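Engineer: The structure's right below; bear with me while I get my questions together.
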Amino acid sequence: MNEKTMTVEEAQHFEQILREESICTNENLVFEVPDTLTDNTMHYCPGCGHGVAHRIIAEVIDELDIQKDTIGVAPVGCSVLAYNYLNIDMSGAAHGRAAAVATGIKRVLPDKYVFSYQGDGDLAAIGTGETIHTCNRGENILIIFINNGIYGMTGGQMAPTTLVGMKSTTSPFGRDVETMGAPLKITELIAQLPGTYYVTRTAVNSPNNVRKAKAAIKKSFEYQKLNKGLCFVEIVTNCPSNWKMTPLESNKWLEENMLPFYPLGDIKKPSN
Amino acid sequence: MAKVKGDIIIDIEKCKGCELCATACPQDSLELSRKINSKGYHYIVKIEDNCTGCTNCALVCPDGIIKVYRKTEKKKEHVATIQNVTGDITVTVNS
Ligand SMILES: Cc1ncc(C[n+]2csc(CCOP(=O)(O)OP(=O)(O)O)c2C)c(N)n1
Ligand code: SF4
Ligand code: SF4
Ligand code: SF4
Ligand SMILES: [Mg+2]
């Protein structure tokens, strides 16, 4: 024991240190922004699921340490500028053709990890042909399918995935099955094809769902390394702006309306 | 019992005030500030000192701007209580 005399100021300072010892130091860091995500501010609307989807892709690339070996293909849609946020080699593709472009890249550079990132308008409307045939050929790539049930970029037109009764600028009274057809579950459809290896549906509306979506992307890249064939990860997301809701309302609506119709979980599990 | 203490750092300039983090926080530690950033968005601030470092807020943040810290603190020995100090005081420190 040793005795020390302090002035009032020193004592108060000492007390403050005892109270406010910051824990924000590197050894206590448990969640950091992934390196593969650039510092650019994303152009997405507040609360948009595209941002979470980008971040988990970046986290997986960091964890697998494959930043130099990964090539992404961006679609036409709100995520057309994905290459501004993912610090990897990326290519653009004409609307709907991302799976075809990814096929070409993978065939020329088979050692690279190749994925396409596509919205529902891109993948399930204008790109239906490329999507189905790429899946049917069993190309050894990953397709990430962002299903927000609407054409986000162009101002909220009806998509093949728009729910029955859901209003959009081209279904102002709600989607009517008789005239507009039923919502297309393209993920279930491509799961039927022998070329697909792993097909799953995830979401990013809650912390747990974010963890599962990330795990599915990670698994898909691991399968790709083993040349297992086509992996398809759907991510059900929101579009607060065109659903005309706040971000919080949109996530609630997603849970109550999108997820019952698009149930989460594996649709085709690898056999081994 | 060991106590878990957490803290977060938010890049408020990039925050869009969507409040998804605040809703995901089991501790109700987060709230929109009355102030705005240079983009004009109300940004998120920590209003309580009860964060456990669970990472929920960072997982759901669409803009990837939250860093989370967590520390399991060993129960601290009582070091000193300083109250109503009016003059010089003497503190005994274990060494
Ligand atoms: C050949 C062609 N046709 C139409 C368009 C207009 N267009 C741009 S994005 C888009 C749909 C986007 O919807 P989605 O793929 O669901 O992406 P989101 O914005 O919802 O993420 C359309 C029709 C285009 N750019 N090119
Ligand atoms: S329009 Fe919809 S999908 Fe596009 S950035 Fe805004 S919220 Fe996201
Ligand atoms: S880490 Fe957990 S407790 Fe801390 S602010 Fe984020 S959600 Fe709340
Ligand atoms: S989730 Fe991110 S962008 Fe949204 S309010 Fe919280 S910190 Fe800001
Ligand atoms: Mg869409």
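Following the order of the structure tokens, chains are lettered A, B, ..., residues in each are numbered from 1, and ligands are numbered from 1.
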List as JSON lines every residue of chain A that is in contact with ligand 5, defined as an atom at most 8 Å from one of its atoms (using only C-alpha atoms and all ligand atoms), together with the nearest atom pair and the distance in Å rounded to one decimal, sorted by chain and then rising number.

Structural biologist:
```
{"residue": "A:Gly77", "atom": "CA", "partner": "ligand 5", "partner_atom_place_in_ligand_line": "1 (Mg)", "distance": 7.2}
{"residue": "A:Cys78", "atom": "CA", "partner": "ligand 5", "partner_atom_place_in_ligand_line": "1 (Mg)", "distance": 7.9}
{"residue": "A:Gly119", "atom": "CA", "partner": "ligand 5", "partner_atom_place_in_ligand_line": "1 (Mg)", "distance": 4.7}
{"residue": "A:Asp120", "atom": "CA", "partner": "ligand 5", "partner_atom_place_in_ligand_line": "1 (Mg)", "distance": 4.6}
{"residue": "A:Gly121", "atom": "CA", "partner": "ligand 5", "partner_atom_place_in_ligand_line": "1 (Mg)", "distance": 5.4}
{"residue": "A:Asp122", "atom": "CA", "partner": "ligand 5", "partner_atom_place_in_ligand_line": "1 (Mg)", "distance": 7.6}
{"residue": "A:Ile146", "atom": "CA", "partner": "ligand 5", "partner_atom_place_in_ligand_line": "1 (Mg)", "distance": 6.7}
{"residue": "A:Asn147", "atom": "CA", "partner": "ligand 5", "partner_atom_place_in_ligand_line": "1 (Mg)", "distance": 5.7}
{"residue": "A:Asn148", "atom": "CA", "partner": "ligand 5", "partner_atom_place_in_ligand_line": "1 (Mg)", "distance": 4.7}
{"residue": "A:Gly149", "atom": "CA", "partner": "ligand 5", "partner_atom_place_in_ligand_line": "1 (Mg)", "distance": 5.5}
{"residue": "A:Ile150", "atom": "CA", "partner": "ligand 5", "partner_atom_place_in_ligand_line": "1 (Mg)", "distance": 4.3}
{"residue": "A:Tyr151", "atom": "CA", "partner": "ligand 5", "partner_atom_place_in_ligand_line": "1 (Mg)", "distance": 4.3}
{"residue": "A:Gly152", "atom": "CA", "partner": "ligand 5", "partner_atom_place_in_ligand_line": "1 (Mg)", "distance": 5.1}
{"residue": "A:Met153", "atom": "CA", "partner": "ligand 5", "partner_atom_place_in_ligand_line": "1 (Mg)", "distance": 7.7}
{"residue": "A:Ala159", "atom": "CA", "partner": "ligand 5", "partner_atom_place_in_ligand_line": "1 (Mg)", "distance": 7.0}
{"residue": "A:Cys239", "atom": "CA", "partner": "ligand 5", "partner_atom_place_in_ligand_line": "1 (Mg)", "distance": 7.8}
```

Engineer: Within 9 Å of chain B, which residues of chain A are there when counting only C-alpha atoms? Please give them as a ChimeraX atom specification.

Structural biologist: /A:1-8,11-12,15,18,22-34,37,41-42,44-56,204-208,210-211,246-248,251

Engineer: According to DSSP computed on the backbone, where in chain B is there helix (DSSP H, G or I)? Give the residues as a list in words.

Structural biologist: Ile12, Glu13, Lys14, Leu20, Cys21, Ala22, Thr23, Ala24, Asn56, Cys57, Ala58, Leu59 and Val60 of chain B

Engineer: Now that the selection is made, can you save its residues with N, CA and C atoms as a short mmCIF file (atom, residue, chain, number, x, y, z; two decimals), in the first residue's frame?

Structural biologist:
```cif
data_model
loop_
_atom_site.label_atom_id
_atom_site.label_comp_id
_atom_site.auth_asym_id
_atom_site.auth_seq_id
_atom_site.Cartn_x
_atom_site.Cartn_y
_atom_site.Cartn_z
N ILE B 12 -21.73 8.76 -38.45
CA ILE B 12 -23.01 9.50 -38.57
C ILE B 12 -23.15 10.26 -39.89
N GLU B 13 -22.03 10.61 -40.51
CA GLU B 13 -22.11 11.32 -41.80
C GLU B 13 -22.76 10.46 -42.88
N LYS B 14 -22.63 9.11 -42.73
CA LYS B 14 -23.19 8.22 -43.74
C LYS B 14 -24.55 7.65 -43.32
N LEU B 20 -33.55 1.16 -38.61
CA LEU B 20 -33.61 -0.30 -38.51
C LEU B 20 -32.73 -0.79 -37.36
N CYS B 21 -31.61 -0.10 -37.12
CA CYS B 21 -30.72 -0.49 -36.03
C CYS B 21 -31.42 -0.32 -34.68
N ALA B 22 -32.10 0.81 -34.52
CA ALA B 22 -32.75 1.10 -33.24
C ALA B 22 -33.81 0.03 -32.93
N THR B 23 -34.54 -0.39 -33.96
CA THR B 23 -35.58 -1.40 -33.77
C THR B 23 -34.97 -2.76 -33.43
N ALA B 24 -33.79 -3.04 -33.99
CA ALA B 24 -33.16 -4.34 -33.76
C ALA B 24 -32.43 -4.40 -32.41
N ASN B 56 -26.45 -6.73 -33.13
CA ASN B 56 -27.71 -6.69 -33.89
C ASN B 56 -27.81 -5.45 -34.78
N CYS B 57 -27.48 -4.30 -34.22
CA CYS B 57 -27.62 -3.05 -34.98
C CYS B 57 -26.75 -3.08 -36.23
N ALA B 58 -25.52 -3.56 -36.07
CA ALA B 58 -24.58 -3.57 -37.20
C ALA B 58 -25.02 -4.57 -38.26
N LEU B 59 -25.64 -5.68 -37.83
CA LEU B 59 -26.08 -6.70 -38.79
C LEU B 59 -27.17 -6.17 -39.71
N VAL B 60 -28.10 -5.40 -39.18
CA VAL B 60 -29.23 -4.95 -40.01
C VAL B 60 -28.98 -3.60 -40.68
#
```

Engineer: Name all residues at most 6 Å from segment 30-32 of chain B (count only C-alpha atoms; drop same-chain ones fewer than 3 positions away) and give them as a CSV table (one decimal) with all heavy atoms, in the first residue's frame.

Structural biologist:
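Ended up saving to around_13.csv:
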```csv
chain,number,residue,atom,x,y,z
B,22,ALA,N,-32.1,0.8,-34.5
B,22,ALA,CA,-32.8,1.1,-33.2
B,22,ALA,C,-33.8,0.0,-32.9
B,22,ALA,O,-33.9,-0.4,-31.8
B,22,ALA,CB,-33.4,2.5,-33.3
B,43,TYR,N,-29.6,11.5,-37.7
B,43,TYR,CA,-28.7,10.3,-37.6
B,43,TYR,C,-28.9,9.7,-36.2
B,43,TYR,O,-29.6,10.2,-35.4
B,43,TYR,CB,-27.2,10.7,-37.8
B,43,TYR,CG,-26.8,11.8,-36.9
B,43,TYR,CD1,-26.4,11.7,-35.6
B,43,TYR,CD2,-26.7,13.1,-37.5
B,43,TYR,CE1,-25.9,12.7,-34.9
B,43,TYR,CE2,-26.3,14.2,-36.7
B,43,TYR,CZ,-25.9,14.0,-35.4
B,43,TYR,OH,-25.5,15.0,-34.6
B,44,ILE,N,-28.4,8.4,-36.2
B,44,ILE,CA,-28.7,7.6,-34.9
B,44,ILE,C,-27.6,7.9,-33.9
B,44,ILE,O,-26.4,8.1,-34.2
B,44,ILE,CB,-28.6,6.1,-35.3
B,44,ILE,CG1,-29.9,5.7,-35.9
B,44,ILE,CG2,-28.3,5.2,-34.1
B,44,ILE,CD1,-31.1,5.6,-35.0
B,45,VAL,N,-28.0,8.0,-32.6
B,45,VAL,CA,-27.1,8.2,-31.5
B,45,VAL,C,-27.4,7.2,-30.4
B,45,VAL,O,-28.5,6.7,-30.3
B,45,VAL,CB,-27.2,9.7,-31.0
B,45,VAL,CG1,-26.5,10.7,-31.9
B,45,VAL,CG2,-28.6,10.1,-30.7
B,46,LYS,N,-26.4,7.0,-29.6
B,46,LYS,CA,-26.6,6.1,-28.5
B,46,LYS,C,-27.2,7.0,-27.3
B,46,LYS,O,-26.6,8.0,-27.0
B,46,LYS,CB,-25.2,5.5,-28.1
B,46,LYS,CG,-25.4,4.1,-27.6
B,46,LYS,CD,-24.0,3.5,-27.5
B,46,LYS,CE,-23.5,3.7,-26.0
B,46,LYS,NZ,-22.2,3.6,-25.7
B,47,ILE,N,-28.3,6.6,-26.8
B,47,ILE,CA,-28.9,7.4,-25.7
B,47,ILE,C,-28.7,6.7,-24.3
B,47,ILE,O,-29.0,7.4,-23.3
B,47,ILE,CB,-30.4,7.7,-26.0
B,47,ILE,CG1,-31.1,6.4,-26.3
B,47,ILE,CG2,-30.6,8.7,-27.1
B,47,ILE,CD1,-32.6,6.4,-26.1
```

Engineer: Could you tell me which of A:Ala124, A:Met166, A:Ile235, A:Val73 comes closest to ligand 1 if we count only C-alpha atoms and all ligand atoms?

Structural biologist: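 Closest to ligand 1 of all the choices is A:Ala124.
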
Engineer: Choose the residue, out of A:His43, A:Thr103, A:Gly96, A:Val233, that has the smallest atom-to-atom separation from ligand 2; count only C-alpha atoms and all ligand atoms.

Structural biologist: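 Between A:His43, A:Thr103, A:Gly96, A:Val233, the residue approaching ligand 2 most closely is A:His43.
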
Engineer: Give me the residues near Phe221 of chain A as a PyMOL selection string, where near means some atom within 12 Å (using only C-alpha atoms) and where sequence neighbours in that chain fewer than 6 positions away do not count.

Structural biologist: chain A and resi 57+60-61+63-66+69-71+111-115+140-144+198+214-215+227-233

Engineer: Here is a test: counting only C-alpha atoms, which residue of A:Ser168, A:Gln192, A:Thr237, A:Ser79 is nearest to Ser250 of chain A?

Structural biologist: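 Residue with the minimum atom-to-atom distance to Ser250 of chain A: A:Thr237.
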
Engineer: By how many Å are atom CA of Ser171 of chain A and atom CA of Gln157 of chain A apart?

Structural biologist: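 That distance, rounded to one decimal, is 7.6 Å.
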
Engineer: I'd like the interatomic distance between atom CA of Leu81 of chain A and atom 2 (C, counted along the ligand's line) of ligand 1, to a tenth of an Å.

Structural biologist: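 Calculated distance between atom CA of Leu81 of chain A and atom 2 (C, counted along the ligand's line) of ligand 1 is 15.8 Å.
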
Engineer: Per DSSP on the backbone, what are the strand (DSSP E or B) residues of segment 17-64 of chain B, as a PyMOL selection string?

Structural biologist: chain B and resi 30-36+42-46

Engineer: Could you tell me how far atom CA of Gly127 of chain A sits from atom CA of Thr187 of chain A, in Å to one decimal place?

Structural biologist: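 Separating atom CA of Thr187 of chain A from atom CA of Gly127 of chain A is a distance of 13.7 Å.
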
Engineer: Using only C-alpha atoms and all ligand atoms, find the one residue out of B:Arg34, B:Gly40, B:Lys3, B:Asn50 that sits nearest to ligand 3.

Structural biologist: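 With only C-alpha atoms and all ligand atoms as the atom set, the closest residue is B:Asn50.
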
Engineer: Using only C-alpha atoms for the distances, tell me which of A:Lys106, A:Lys244, A:Lys268, A:Lys219 is nearest to Lys167 of chain A.

Structural biologist: A:Lys244
